[in-house]
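Novice: To be precise about what I am sending: the file is called final.pdb and holds PDB, C-alpha atoms, pLDDT in the B column.
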ATOM      1  CA  MET A   1      -4.291  34.722   4.337  1.00 44.00           C
ATOM      2  CA  THR A   2      -7.770  35.295   2.972  1.00 43.00           C
ATOM      3  CA  PRO A   3      -9.795  32.315   1.715  1.00 38.00           C
ATOM      4  CA  ARG A   4      -9.493  33.643  -1.835  1.00 40.00           C
ATOM      5  CA  ARG A   5      -5.701  33.893  -1.628  1.00 40.00           C
ATOM      6  CA  LEU A   6      -5.534  30.456  -0.025  1.00 35.00           C
ATOM      7  CA  LEU A   7      -7.469  28.944  -2.925  1.00 33.00           C
ATOM      8  CA  LEU A   8      -5.192  30.731  -5.394  1.00 32.00           C
ATOM      9  CA  ALA A   9      -2.083  29.423  -3.623  1.00 37.00           C
ATOM     10  CA  ILE A  10      -3.445  25.877  -3.688  1.00 32.00           C
ATOM     11  CA  ALA A  11      -4.231  26.168  -7.391  1.00 34.00           C
ATOM     12  CA  LEU A  12      -0.755  27.481  -8.186  1.00 32.00           C
ATOM     13  CA  SER A  13       0.845  24.742  -6.123  1.00 39.00           C
ATOM     14  CA  ALA A  14      -1.172  22.073  -7.921  1.00 37.00           C
ATOM     15  CA  ALA A  15      -0.207  23.536 -11.279  1.00 36.00           C
ATOM     16  CA  ALA A  16       3.455  23.527 -10.318  1.00 39.00           C
ATOM     17  CA  CYS A  17       3.272  19.855  -9.406  1.00 41.00           C
ATOM     18  CA  ARG A  18       1.408  18.891 -12.551  1.00 45.00           C
ATOM     19  CA  PRO A  19       3.615  17.371 -15.263  1.00 49.00           C
ATOM     20  CA  ASP A  20       3.867  19.750 -18.213  1.00 56.00           C
ATOM     21  CA  SER A  21       4.495  16.917 -20.661  1.00 69.00           C
ATOM     22  CA  LYS A  22       2.455  14.148 -22.175  1.00 83.00           C
ATOM     23  CA  PRO A  23       2.906  10.909 -20.212  1.00 92.00           C
ATOM     24  CA  ASP A  24       4.474   7.887 -21.826  1.00 92.00           C
ATOM     25  CA  PRO A  25       2.082   5.616 -23.741  1.00 90.00           C
ATOM     26  CA  GLN A  26       0.985   2.430 -22.013  1.00 91.00           C
ATOM     27  CA  LEU A  27       1.609  -0.271 -24.600  1.00 96.00           C
ATOM     28  CA  PRO A  28       1.002  -4.007 -24.256  1.00 96.00           C
ATOM     29  CA  ALA A  29       4.118  -6.156 -24.165  1.00 96.00           C
ATOM     30  CA  LEU A  30       5.025  -7.839 -27.429  1.00 98.00           C
ATOM     31  CA  VAL A  31       4.374 -11.565 -27.716  1.00 97.00           C
ATOM     32  CA  GLU A  32       7.551 -13.614 -27.140  1.00 97.00           C
ATOM     33  CA  HIS A  33       8.753 -15.701 -30.073  1.00 97.00           C
ATOM     34  CA  ASP A  34       8.792 -18.786 -27.855  1.00 97.00           C
ATOM     35  CA  ALA A  35       5.007 -18.452 -27.612  1.00 98.00           C
ATOM     36  CA  VAL A  36       4.393 -19.128 -31.323  1.00 98.00           C
ATOM     37  CA  ASP A  37       5.133 -22.046 -33.635  1.00 98.00           C
ATOM     38  CA  ASP A  38       7.310 -21.904 -36.748  1.00 97.00           C
ATOM     39  CA  ARG A  39       4.674 -22.851 -39.327  1.00 97.00           C
ATOM     40  CA  LEU A  40       4.920 -19.423 -41.011  1.00 98.00           C
ATOM     41  CA  SER A  41       8.667 -18.936 -40.705  1.00 98.00           C
ATOM     42  CA  GLN A  42       9.236 -19.786 -44.358  1.00 97.00           C
ATOM     43  CA  LEU A  43       7.323 -16.631 -45.297  1.00 98.00           C
ATOM     44  CA  VAL A  44       9.846 -14.389 -43.535  1.00 98.00           C
ATOM     45  CA  GLU A  45      12.518 -13.326 -46.013  1.00 96.00           C
ATOM     46  CA  GLY A  46      15.942 -11.814 -45.474  1.00 95.00           C
ATOM     47  CA  GLU A  47      18.575 -12.296 -42.806  1.00 95.00           C
ATOM     48  CA  ARG A  48      17.339 -11.242 -39.384  1.00 97.00           C
ATOM     49  CA  VAL A  49      18.419 -11.485 -35.778  1.00 97.00           C
ATOM     50  CA  VAL A  50      16.477 -11.968 -32.570  1.00 98.00           C
ATOM     51  CA  VAL A  51      16.361  -8.712 -30.613  1.00 98.00           C
ATOM     52  CA  THR A  52      15.231  -9.090 -27.015  1.00 97.00           C
ATOM     53  CA  ILE A  53      12.736  -6.467 -25.876  1.00 98.00           C
ATOM     54  CA  ALA A  54      11.935  -6.138 -22.187  1.00 95.00           C
ATOM     55  CA  ALA A  55       8.405  -5.304 -21.106  1.00 93.00           C
ATOM     56  CA  ASP A  56       9.674  -2.106 -19.466  1.00 95.00           C
ATOM     57  CA  ASP A  57      11.828  -0.890 -22.353  1.00 98.00           C
ATOM     58  CA  PRO A  58      10.738   2.639 -23.341  1.00 98.00           C
ATOM     59  CA  ALA A  59       8.439   2.300 -26.341  1.00 98.00           C
ATOM     60  CA  LYS A  60       5.902   4.277 -28.328  1.00 98.00           C
ATOM     61  CA  GLY A  61       3.684   3.702 -31.317  1.00 98.00           C
ATOM     62  CA  ALA A  62       1.403   0.849 -32.274  1.00 98.00           C
ATOM     63  CA  SER A  63      -0.188  -1.545 -29.797  1.00 98.00           C
ATOM     64  CA  ALA A  64       0.067  -4.439 -32.266  1.00 98.00           C
ATOM     65  CA  PRO A  65       2.821  -3.341 -34.649  1.00 99.00           C
ATOM     66  CA  LEU A  66       3.580  -4.682 -38.082  1.00 99.00           C
ATOM     67  CA  VAL A  67       7.009  -3.039 -37.895  1.00 99.00           C
ATOM     68  CA  THR A  68       9.067  -2.889 -34.708  1.00 99.00           C
ATOM     69  CA  ILE A  69      12.139  -0.661 -34.635  1.00 99.00           C
ATOM     70  CA  VAL A  70      14.607  -1.155 -31.789  1.00 99.00           C
ATOM     71  CA  GLU A  71      17.145   1.668 -31.670  1.00 98.00           C
ATOM     72  CA  TRP A  72      20.389   2.084 -29.726  1.00 99.00           C
ATOM     73  CA  SER A  73      21.034   5.773 -29.207  1.00 98.00           C
ATOM     74  CA  ASP A  74      23.205   8.394 -27.473  1.00 98.00           C
ATOM     75  CA  PHE A  75      21.674  11.654 -26.260  1.00 98.00           C
ATOM     76  CA  GLN A  76      24.778  13.666 -27.177  1.00 98.00           C
ATOM     77  CA  CYS A  77      25.015  12.226 -30.687  1.00 97.00           C
ATOM     78  CA  PRO A  78      23.743  14.758 -33.267  1.00 95.00           C
ATOM     79  CA  PHE A  79      22.932  12.014 -35.770  1.00 96.00           C
ATOM     80  CA  CYS A  80      20.828  10.297 -33.105  1.00 97.00           C
ATOM     81  CA  GLY A  81      18.855  13.505 -32.666  1.00 97.00           C
ATOM     82  CA  THR A  82      18.141  13.607 -36.385  1.00 96.00           C
ATOM     83  CA  PHE A  83      17.151   9.951 -36.388  1.00 98.00           C
ATOM     84  CA  ALA A  84      14.859  10.517 -33.398  1.00 98.00           C
ATOM     85  CA  GLN A  85      12.941  13.097 -35.430  1.00 97.00           C
ATOM     86  CA  MET A  86      12.640  10.649 -38.318  1.00 97.00           C
ATOM     87  CA  LEU A  87      11.268   7.994 -35.979  1.00 98.00           C
ATOM     88  CA  ASP A  88       8.771  10.469 -34.527  1.00 97.00           C
ATOM     89  CA  GLU A  89       7.505  11.113 -38.049  1.00 96.00           C
ATOM     90  CA  LEU A  90       7.190   7.381 -38.697  1.00 96.00           C
ATOM     91  CA  VAL A  91       5.137   6.875 -35.553  1.00 97.00           C
ATOM     92  CA  ALA A  92       2.939   9.827 -36.527  1.00 97.00           C
ATOM     93  CA  ASN A  93       2.496   8.553 -40.092  1.00 97.00           C
ATOM     94  CA  TYR A  94       1.943   4.899 -39.129  1.00 98.00           C
ATOM     95  CA  PRO A  95       0.288   5.043 -35.686  1.00 98.00           C
ATOM     96  CA  GLU A  96      -1.274   1.597 -36.055  1.00 98.00           C
ATOM     97  CA  ASP A  97       1.698  -0.107 -37.688  1.00 99.00           C
ATOM     98  CA  VAL A  98       5.032   1.096 -36.254  1.00 99.00           C
ATOM     99  CA  ARG A  99       6.443   0.738 -32.753  1.00 99.00           C
ATOM    100  CA  VAL A 100       9.756   2.273 -31.660  1.00 99.00           C
ATOM    101  CA  VAL A 101      11.727   0.819 -28.742  1.00 99.00           C
ATOM    102  CA  PHE A 102      14.624   2.757 -27.214  1.00 99.00           C
ATOM    103  CA  LYS A 103      17.838   1.288 -25.804  1.00 99.00           C
ATOM    104  CA  GLN A 104      20.833   3.154 -24.413  1.00 98.00           C
ATOM    105  CA  LYS A 105      24.239   3.363 -26.080  1.00 98.00           C
ATOM    106  CA  PRO A 106      26.170   6.304 -24.540  1.00 98.00           C
ATOM    107  CA  LEU A 107      29.450   6.614 -26.417  1.00 97.00           C
ATOM    108  CA  PRO A 108      32.732   7.177 -24.513  1.00 95.00           C
ATOM    109  CA  MET A 109      33.533  10.219 -26.675  1.00 95.00           C
ATOM    110  CA  HIS A 110      30.520  12.069 -25.249  1.00 97.00           C
ATOM    111  CA  PRO A 111      31.300  13.029 -21.631  1.00 95.00           C
ATOM    112  CA  ASN A 112      27.708  13.513 -20.471  1.00 97.00           C
ATOM    113  CA  ALA A 113      25.976  10.842 -22.539  1.00 98.00           C
ATOM    114  CA  VAL A 114      25.697   8.515 -19.543  1.00 98.00           C
ATOM    115  CA  THR A 115      24.128  11.360 -17.566  1.00 99.00           C
ATOM    116  CA  GLY A 116      21.543  11.768 -20.304  1.00 99.00           C
ATOM    117  CA  ALA A 117      20.842   8.042 -20.393  1.00 99.00           C
ATOM    118  CA  ARG A 118      20.297   7.905 -16.637  1.00 99.00           C
ATOM    119  CA  ALA A 119      18.141  11.033 -16.740  1.00 99.00           C
ATOM    120  CA  ALA A 120      15.825   9.573 -19.365  1.00 99.00           C
ATOM    121  CA  LEU A 121      15.422   6.346 -17.409  1.00 99.00           C
ATOM    122  CA  ALA A 122      14.852   8.268 -14.173  1.00 99.00           C
ATOM    123  CA  ALA A 123      12.135  10.330 -15.849  1.00 99.00           C
ATOM    124  CA  GLY A 124      10.673   7.082 -17.146  1.00 98.00           C
ATOM    125  CA  LYS A 125      10.130   5.986 -13.551  1.00 98.00           C
ATOM    126  CA  GLN A 126       7.537   8.764 -13.401  1.00 98.00           C
ATOM    127  CA  GLY A 127       6.110   7.947 -16.825  1.00 98.00           C
ATOM    128  CA  HIS A 128       7.908  10.692 -18.746  1.00 98.00           C
ATOM    129  CA  PHE A 129      10.794   9.002 -20.533  1.00 99.00           C
ATOM    130  CA  TRP A 130       9.876  10.417 -23.935  1.00 98.00           C
ATOM    131  CA  ALA A 131       9.426  13.958 -22.633  1.00 98.00           C
ATOM    132  CA  MET A 132      12.925  13.850 -21.155  1.00 98.00           C
ATOM    133  CA  HIS A 133      14.173  12.179 -24.351  1.00 98.00           C
ATOM    134  CA  ASP A 134      12.931  15.164 -26.361  1.00 98.00           C
ATOM    135  CA  ARG A 135      14.416  17.737 -23.978  1.00 97.00           C
ATOM    136  CA  LEU A 136      17.808  16.036 -23.987  1.00 98.00           C
ATOM    137  CA  PHE A 137      17.991  15.881 -27.769  1.00 97.00           C
ATOM    138  CA  GLY A 138      16.789  19.472 -27.916  1.00 96.00           C
ATOM    139  CA  ASP A 139      19.693  20.699 -25.768  1.00 93.00           C
ATOM    140  CA  ARG A 140      22.638  18.332 -26.148  1.00 91.00           C
ATOM    141  CA  SER A 141      25.176  20.807 -24.769  1.00 89.00           C
ATOM    142  CA  HIS A 142      23.557  21.024 -21.321  1.00 91.00           C
ATOM    143  CA  MET A 143      23.557  17.558 -19.811  1.00 96.00           C
ATOM    144  CA  THR A 144      25.188  17.721 -16.390  1.00 97.00           C
ATOM    145  CA  ARG A 145      23.417  16.344 -13.331  1.00 98.00           C
ATOM    146  CA  GLU A 146      22.325  19.883 -12.466  1.00 97.00           C
ATOM    147  CA  ASP A 147      21.036  20.402 -16.003  1.00 98.00           C
ATOM    148  CA  VAL A 148      18.917  17.250 -16.070  1.00 98.00           C
ATOM    149  CA  ILE A 149      17.454  18.029 -12.652  1.00 98.00           C
ATOM    150  CA  GLY A 150      16.451  21.357 -14.170  1.00 98.00           C
ATOM    151  CA  HIS A 151      14.820  19.473 -17.046  1.00 98.00           C
ATOM    152  CA  ALA A 152      12.913  17.330 -14.554  1.00 98.00           C
ATOM    153  CA  ARG A 153      11.701  20.430 -12.763  1.00 98.00           C
ATOM    154  CA  ALA A 154      10.630  22.034 -16.049  1.00 97.00           C
ATOM    155  CA  LEU A 155       8.656  18.901 -16.913  1.00 98.00           C
ATOM    156  CA  GLY A 156       6.812  19.093 -13.609  1.00 98.00           C
ATOM    157  CA  LEU A 157       8.292  15.883 -12.243  1.00 98.00           C
ATOM    158  CA  ASP A 158       8.859  15.076  -8.580  1.00 98.00           C
ATOM    159  CA  VAL A 159      12.444  16.338  -8.451  1.00 99.00           C
ATOM    160  CA  ASP A 160      13.407  14.447  -5.301  1.00 99.00           C
ATOM    161  CA  ALA A 161      12.122  11.171  -6.747  1.00 99.00           C
ATOM    162  CA  PHE A 162      13.860  11.935 -10.026  1.00 99.00           C
ATOM    163  CA  ALA A 163      17.189  12.586  -8.297  1.00 99.00           C
ATOM    164  CA  ALA A 164      16.837   9.384  -6.281  1.00 99.00           C
ATOM    165  CA  ALA A 165      16.153   7.355  -9.426  1.00 99.00           C
ATOM    166  CA  PHE A 166      18.997   9.095 -11.264  1.00 99.00           C
ATOM    167  CA  ASP A 167      21.451   8.209  -8.469  1.00 98.00           C
ATOM    168  CA  ASP A 168      20.123   4.672  -8.007  1.00 99.00           C
ATOM    169  CA  PRO A 169      22.813   2.119  -8.990  1.00 99.00           C
ATOM    170  CA  ALA A 170      20.057   0.109 -10.667  1.00 98.00           C
ATOM    171  CA  THR A 171      19.626   2.922 -13.203  1.00 99.00           C
ATOM    172  CA  ALA A 172      23.311   2.864 -14.112  1.00 98.00           C
ATOM    173  CA  ALA A 173      23.111  -0.928 -14.317  1.00 98.00           C
ATOM    174  CA  ARG A 174      20.182  -0.683 -16.733  1.00 98.00           C
ATOM    175  CA  VAL A 175      22.237   1.535 -19.037  1.00 99.00           C
ATOM    176  CA  GLU A 176      25.041  -1.026 -18.946  1.00 98.00           C
ATOM    177  CA  ASP A 177      22.579  -3.845 -19.661  1.00 98.00           C
ATOM    178  CA  ASP A 178      21.429  -2.043 -22.809  1.00 98.00           C
ATOM    179  CA  GLU A 179      25.031  -1.515 -23.883  1.00 98.00           C
ATOM    180  CA  ARG A 180      25.863  -5.201 -23.400  1.00 98.00           C
ATOM    181  CA  ALA A 181      22.755  -6.300 -25.282  1.00 98.00           C
ATOM    182  CA  GLY A 182      23.716  -4.071 -28.182  1.00 98.00           C
ATOM    183  CA  ALA A 183      27.314  -5.284 -28.193  1.00 97.00           C
ATOM    184  CA  MET A 184      26.114  -8.885 -28.451  1.00 97.00           C
ATOM    185  CA  LEU A 185      24.230  -7.887 -31.607  1.00 97.00           C
ATOM    186  CA  GLY A 186      27.195  -6.080 -33.112  1.00 96.00           C
ATOM    187  CA  VAL A 187      26.118  -2.538 -32.239  1.00 97.00           C
ATOM    188  CA  ARG A 188      29.217  -0.351 -32.241  1.00 95.00           C
ATOM    189  CA  GLY A 189      28.098   3.190 -33.055  1.00 96.00           C
ATOM    190  CA  THR A 190      24.998   5.328 -32.905  1.00 98.00           C
ATOM    191  CA  PRO A 191      22.401   5.475 -34.113  1.00 98.00           C
ATOM    192  CA  SER A 192      21.982   1.766 -34.736  1.00 98.00           C
ATOM    193  CA  CYS A 193      18.677   0.000 -35.091  1.00 98.00           C
ATOM    194  CA  PHE A 194      16.968  -3.254 -35.939  1.00 98.00           C
ATOM    195  CA  ILE A 195      13.838  -3.058 -38.060  1.00 98.00           C
ATOM    196  CA  ASN A 196      11.906  -6.302 -37.649  1.00 99.00           C
ATOM    197  CA  GLY A 197      15.251  -7.901 -36.829  1.00 98.00           C
ATOM    198  CA  ILE A 198      17.215  -6.481 -39.779  1.00 97.00           C
ATOM    199  CA  ALA A 199      20.298  -4.581 -38.616  1.00 96.00           C
ATOM    200  CA  PHE A 200      21.037  -1.028 -39.723  1.00 95.00           C
ATOM    201  CA  SER A 201      23.983   1.159 -38.752  1.00 93.00           C
ATOM    202  CA  GLY A 202      23.638   4.919 -39.033  1.00 92.00           C
ATOM    203  CA  ALA A 203      20.619   7.025 -39.913  1.00 88.00           C
ATOM    204  CA  PRO A 204      19.251   6.158 -43.372  1.00 88.00           C
ATOM    205  CA  LYS A 205      17.911   8.833 -45.641  1.00 91.00           C
ATOM    206  CA  PRO A 206      14.193   9.464 -45.053  1.00 92.00           C
ATOM    207  CA  GLU A 207      13.218   8.085 -48.455  1.00 94.00           C
ATOM    208  CA  VAL A 208      15.219   4.909 -47.818  1.00 95.00           C
ATOM    209  CA  LEU A 209      13.643   4.473 -44.394  1.00 96.00           C
ATOM    210  CA  ALA A 210      10.186   4.921 -45.912  1.00 95.00           C
ATOM    211  CA  GLN A 211      10.904   2.182 -48.448  1.00 97.00           C
ATOM    212  CA  ILE A 212      12.055  -0.161 -45.689  1.00 97.00           C
ATOM    213  CA  ILE A 213       8.913   0.464 -43.662  1.00 98.00           C
ATOM    214  CA  GLU A 214       6.637  -0.165 -46.642  1.00 98.00           C
ATOM    215  CA  ARG A 215       8.492  -3.376 -47.465  1.00 98.00           C
ATOM    216  CA  GLU A 216       8.211  -4.622 -43.888  1.00 99.00           C
ATOM    217  CA  ARG A 217       4.543  -3.695 -43.653  1.00 99.00           C
ATOM    218  CA  ALA A 218       3.889  -5.750 -46.778  1.00 98.00           C
ATOM    219  CA  ALA A 219       5.885  -8.664 -45.375  1.00 98.00           C
ATOM    220  CA  ALA A 220       3.932  -8.507 -42.129  1.00 99.00           C
ATOM    221  CA  GLN A 221       0.650  -8.461 -44.024  1.00 98.00           C
ATOM    222  CA  LYS A 222       1.689 -11.684 -45.757  1.00 98.00           C
ATOM    223  CA  LEU A 223       1.951 -13.320 -42.342  1.00 99.00           C
ATOM    224  CA  ILE A 224      -1.497 -12.079 -41.376  1.00 99.00           C
ATOM    225  CA  ASP A 225      -2.972 -13.266 -44.670  1.00 99.00           C
ATOM    226  CA  ALA A 226      -1.439 -16.684 -43.991  1.00 98.00           C
ATOM    227  CA  GLY A 227      -3.145 -16.932 -40.612  1.00 98.00           C
ATOM    228  CA  SER A 228      -1.039 -15.043 -38.081  1.00 98.00           C
ATOM    229  CA  ALA A 229      -2.802 -12.937 -35.506  1.00 98.00           C
ATOM    230  CA  ARG A 230      -1.745  -9.317 -35.833  1.00 98.00           C
ATOM    231  CA  ALA A 231      -0.455  -9.304 -32.258  1.00 98.00           C
ATOM    232  CA  GLU A 232       1.832 -12.237 -33.136  1.00 99.00           C
ATOM    233  CA  VAL A 233       3.527 -10.664 -36.171  1.00 99.00           C
ATOM    234  CA  HIS A 234       6.656  -9.559 -34.332  1.00 99.00           C
ATOM    235  CA  ALA A 235       6.900 -12.890 -32.512  1.00 99.00           C
ATOM    236  CA  ARG A 236       6.680 -14.822 -35.786  1.00 99.00           C
ATOM    237  CA  ILE A 237       9.373 -12.688 -37.391  1.00 99.00           C
ATOM    238  CA  MET A 238      11.615 -13.276 -34.369  1.00 98.00           C
ATOM    239  CA  LYS A 239      10.781 -16.995 -34.533  1.00 98.00           C
ATOM    240  CA  ALA A 240      12.065 -17.087 -38.097  1.00 98.00           C
ATOM    241  CA  ALA A 241      15.157 -15.128 -37.070  1.00 97.00           C
ATOM    242  CA  ALA A 242      15.871 -17.608 -34.291  1.00 96.00           C
ATOM    243  CA  GLY A 243      15.753 -20.413 -36.835  1.00 93.00           C
ATOM    244  CA  GLN A 244      18.350 -18.715 -39.018  1.00 87.00           C
ATOM    245  CA  ALA A 245      21.028 -18.774 -36.287  1.00 61.00           C
ATOM    246  CA  LYS A 246      23.234 -16.346 -38.188  1.00 54.00           C
ATOM    247  CA  ALA A 247      25.159 -13.239 -37.258  1.00 46.00           C
ATOM    248  CA  PRO A 248      23.156 -10.050 -37.823  1.00 48.00           C
ATOM    249  CA  ALA A 249      23.227  -8.777 -41.382  1.00 47.00           C
ATOM    250  CA  ARG A 250      23.869  -5.115 -42.045  1.00 50.00           C
ATOM    251  CA  ALA A 251      21.648  -3.572 -44.684  1.00 47.00           C
ATOM    252  CA  PHE A 252      23.853  -0.499 -45.165  1.00 42.00           C
TER     253      PHE A 252
END
Please express what this file holds, its structure, as structure tokens.
Specialist:
Amino acid sequence: MTPRRLLLAIALSAAACRPDSKPDPQLPALVEHDAVDDRLSQLVEGERVVVTIAADDPAKGASAPLVTIVEWSDFQCPFCGTFAQMLDELVANYPEDVRVVFKQKPLPMHPNAVTGARAALAAGKQGHFWAMHDRLFGDRSHMTREDVIGHARALGLDVDAFAAAFDDPATAARVEDDERAGAMLGVRGTPSCFINGIAFSGAPKPEVLAQIIERERAAAQKLIDAGSARAEVHARIMKAAAGQAKAPARAF
């Protein structure tokens, strides 16, 4: 092989190994509600519930959000795909104010939903959860193990590492953990979400969702005006929710 062809082969090999998708955002963990006092809890209105968010839960959006949306979703659910697009628009429209956190809820009626859930988490091990998330929702009818390995290859991921993470019992256990956490909060179907601790079942109309976001942004600003650090807004809302000690309310 000539030096020129060798250089070309190396370049092509490097390109093939390079992820073709944008890596997941690196966001700071949200402040825990146990880390703040309750002096501003009286400013938080409405019935809310504490939603636990792990530091490694897939998330995108604001570093210090005023509005945190935790969704439970199923990659074979068409309504979840529609809701995912709505959430993408929210993050794009409110990049400094809205954070979206994803949790798994594969429904028994969808035969390959668990495969999709494990695939997204396996891709997340390489920093490409959201890229896999988008591919899965973009092709809900092709979600076998072979299909998702093909998705990983198309995204430029390390396919062997992806397959190992996909098959790892810890990945399946993580899906089950998300399902249990949702069940404890009353999540039964998909999509379901909690917006600053307020429970919603189903995908709201875009105009309704926009109204909710504006209302919650205003409520968060009240906390800041009263002395809360911006980074503590979510923690203070969860602190107030913990003090309510009520079952989650459903807004619609």
Novice: Selected by the PyMOL selection byres ((chain A and resi 234-241) around 6) in the shown coordinates: which residues, as a PyMOL selection string?
Specialist: chain A and resi 31-33+41+48-50+232-233+242-244
Novice: Identify all residues satisfying the PyMOL selection byres ((chain A and resi 212-226) around 12) in the given file; provide them as a PyMOL selection string.
Specialist: chain A and resi 38-46+64-69+87+90-91+93-94+96-99+194-200+204-211+227-238+240+251-252
Novice: Those same residues, written as a compact mmCIF listing (two decimals), keeping the file's coordinate frame with C-alpha atoms?
Specialist:
# COMPACT_ATOMS: atom_id res chain seq x y z
CA ASP A 38 7.31 -21.90 -36.75
CA ARG A 39 4.67 -22.85 -39.33
CA LEU A 40 4.92 -19.42 -41.01
CA SER A 41 8.67 -18.94 -40.70
CA GLN A 42 9.24 -19.79 -44.36
CA LEU A 43 7.32 -16.63 -45.30
CA VAL A 44 9.85 -14.39 -43.54
CA GLU A 45 12.52 -13.33 -46.01
CA GLY A 46 15.94 -11.81 -45.47
CA ALA A 64 0.07 -4.44 -32.27
CA PRO A 65 2.82 -3.34 -34.65
CA LEU A 66 3.58 -4.68 -38.08
CA VAL A 67 7.01 -3.04 -37.90
CA THR A 68 9.07 -2.89 -34.71
CA ILE A 69 12.14 -0.66 -34.64
CA LEU A 87 11.27 7.99 -35.98
CA LEU A 90 7.19 7.38 -38.70
CA VAL A 91 5.14 6.88 -35.55
CA ASN A 93 2.50 8.55 -40.09
CA TYR A 94 1.94 4.90 -39.13
CA GLU A 96 -1.27 1.60 -36.06
CA ASP A 97 1.70 -0.11 -37.69
CA VAL A 98 5.03 1.10 -36.25
CA ARG A 99 6.44 0.74 -32.75
CA PHE A 194 16.97 -3.25 -35.94
CA ILE A 195 13.84 -3.06 -38.06
CA ASN A 196 11.91 -6.30 -37.65
CA GLY A 197 15.25 -7.90 -36.83
CA ILE A 198 17.22 -6.48 -39.78
CA ALA A 199 20.30 -4.58 -38.62
CA PHE A 200 21.04 -1.03 -39.72
CA PRO A 204 19.25 6.16 -43.37
CA LYS A 205 17.91 8.83 -45.64
CA PRO A 206 14.19 9.46 -45.05
CA GLU A 207 13.22 8.09 -48.46
CA VAL A 208 15.22 4.91 -47.82
CA LEU A 209 13.64 4.47 -44.39
CA ALA A 210 10.19 4.92 -45.91
CA GLN A 211 10.90 2.18 -48.45
CA GLY A 227 -3.14 -16.93 -40.61
CA SER A 228 -1.04 -15.04 -38.08
CA ALA A 229 -2.80 -12.94 -35.51
CA ARG A 230 -1.74 -9.32 -35.83
CA ALA A 231 -0.46 -9.30 -32.26
CA GLU A 232 1.83 -12.24 -33.14
CA VAL A 233 3.53 -10.66 -36.17
CA HIS A 234 6.66 -9.56 -34.33
CA ALA A 235 6.90 -12.89 -32.51
CA ARG A 236 6.68 -14.82 -35.79
CA ILE A 237 9.37 -12.69 -37.39
CA MET A 238 11.62 -13.28 -34.37
CA ALA A 240 12.06 -17.09 -38.10
CA ALA A 251 21.65 -3.57 -44.68
CA PHE A 252 23.85 -0.50 -45.16
Novice: Which residues fall under the PyMOL selection byres ((chain A and resi 130) around 8) in this file, as a list of chain:residue names?
Specialist: A:Pro23, A:Asp24, A:Pro58, A:Ala120, A:Gly124, A:His128, A:Phe129, A:Ala131, A:Met132, A:His133, A:Asp134
Novice: Report, in Å to a single decimal, how far apart atom CA of Leu155 of chain A and atom CA of Ser192 of chain A are.
Specialist: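 Distance between the two atoms: 28.1 Å.
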Novice: Compare A:Ala172, A:Met184, A:Gln76, A:Asp178 by their minimum atom-to-atom distance to His142 of chain A, counting all atoms listed in the file, and give me the closest one.
Specialist: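 Closest to His142 of chain A, using all atoms listed in the file: A:Gln76.
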Novice: When you count all atoms listed in the file, which of these residues is closest to Gly202 of chain A: A:Ala164, A:Val36, A:Ala84, A:Val101?
Specialist: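 For Gly202 of chain A, the nearest of the given residues is A:Ala84.
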Novice: Looking at A:Ala92, A:Cys77, A:Ala122, A:Ala62, which one is nearest to Thr171 of chain A, with distances taken over all atoms listed in the file?
Specialist: A:Ala122
Novice: Which of these residues is nearest to Lys105 of chain A, using all atoms listed in the file: A:Asp74, A:Gln85, A:Asp147, A:Arg140?
Specialist: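 Closest residue, counting all atoms listed in the file: A:Asp74.
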Novice: Quick one: residues within 12 Å of Pro78 of chain A, all atoms listed in the file counted, chain neighbours fewer than 3 positions away excluded, as a list in words?
Specialist: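 So, after excluding close chain neighbours, the residues are Ser73, Asp74, Phe75, Gly81, Thr82, Phe83, Ala84, Gln85, His110, Ala113, Leu136, Phe137, Gly138, Asp139, Arg140, Ser141, Thr190, Pro191, Gly202 and Ala203 of chain A.
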Novice: Might you pull out every residue within 10 Å of Gly182 of chain A, with only C-alpha atoms counted and same-chain residues fewer than 6 positions away left off, and present them as a compact mmCIF listing (two decimals) with C-alpha atoms, in the frame of the given file?
Specialist:
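The new file result_29.txt reads:
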# COMPACT_ATOMS: atom_id res chain seq x y z
CA VAL A 51 16.36 -8.71 -30.61
CA THR A 52 15.23 -9.09 -27.02
CA GLU A 71 17.14 1.67 -31.67
CA TRP A 72 20.39 2.08 -29.73
CA LYS A 103 17.84 1.29 -25.80
CA GLN A 104 20.83 3.15 -24.41
CA LYS A 105 24.24 3.36 -26.08
CA GLU A 176 25.04 -1.03 -18.95
CA ARG A 188 29.22 -0.35 -32.24
CA GLY A 189 28.10 3.19 -33.06
CA SER A 192 21.98 1.77 -34.74
CA CYS A 193 18.68 0.00 -35.09
Novice: At what distance in Å, to one decimal, does atom CA of Asp160 of chain A lie from atom CA of Ala119 of chain A?
Specialist: 12.8 Å
Novice: Ranking A:Arg145, A:Arg118, A:Ser63, A:Ala181 by minimum distance to Pro169 of chain A and counting all atoms listed in the file, which one comes first?
Specialist: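 That would be A:Arg118, the residue with the smallest distance to Pro169 of chain A.
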Novice: What is the distance, in Å and to one decimal place, between atom CA of Asp158 of chain A and atom CA of Val70 of chain A?
Specialist: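 Interatomic distance here is 28.9 Å.
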Novice: Considering only C-alpha atoms, can you say which of A:Cys80, A:Phe102, A:Ala163, A:Leu121 comes closest to Ser201 of chain A?
Specialist: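 Distance minimum relative to Ser201 of chain A lands on A:Cys80.
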Novice: Need the axis-aligned box for segment 217-232 of chain A with 8 Å each side, so what are the centre and edges in Å to one decimal, as AutoDock Vina command-line options?
Specialist:
--center_x 1.4 --center_y -10.3 --center_z -39.5 --size_x 25.0 --size_y 29.2 --size_z 30.5
Novice: Would you pick out the contacts of Met143 of chain A at 7 Å or less, using all atoms listed in the file, so that residues sharing its chain but fewer than 4 positions from it are not included, and give the list as a ChimeraX atom specification?
Specialist: /A:112,115-116,147-148
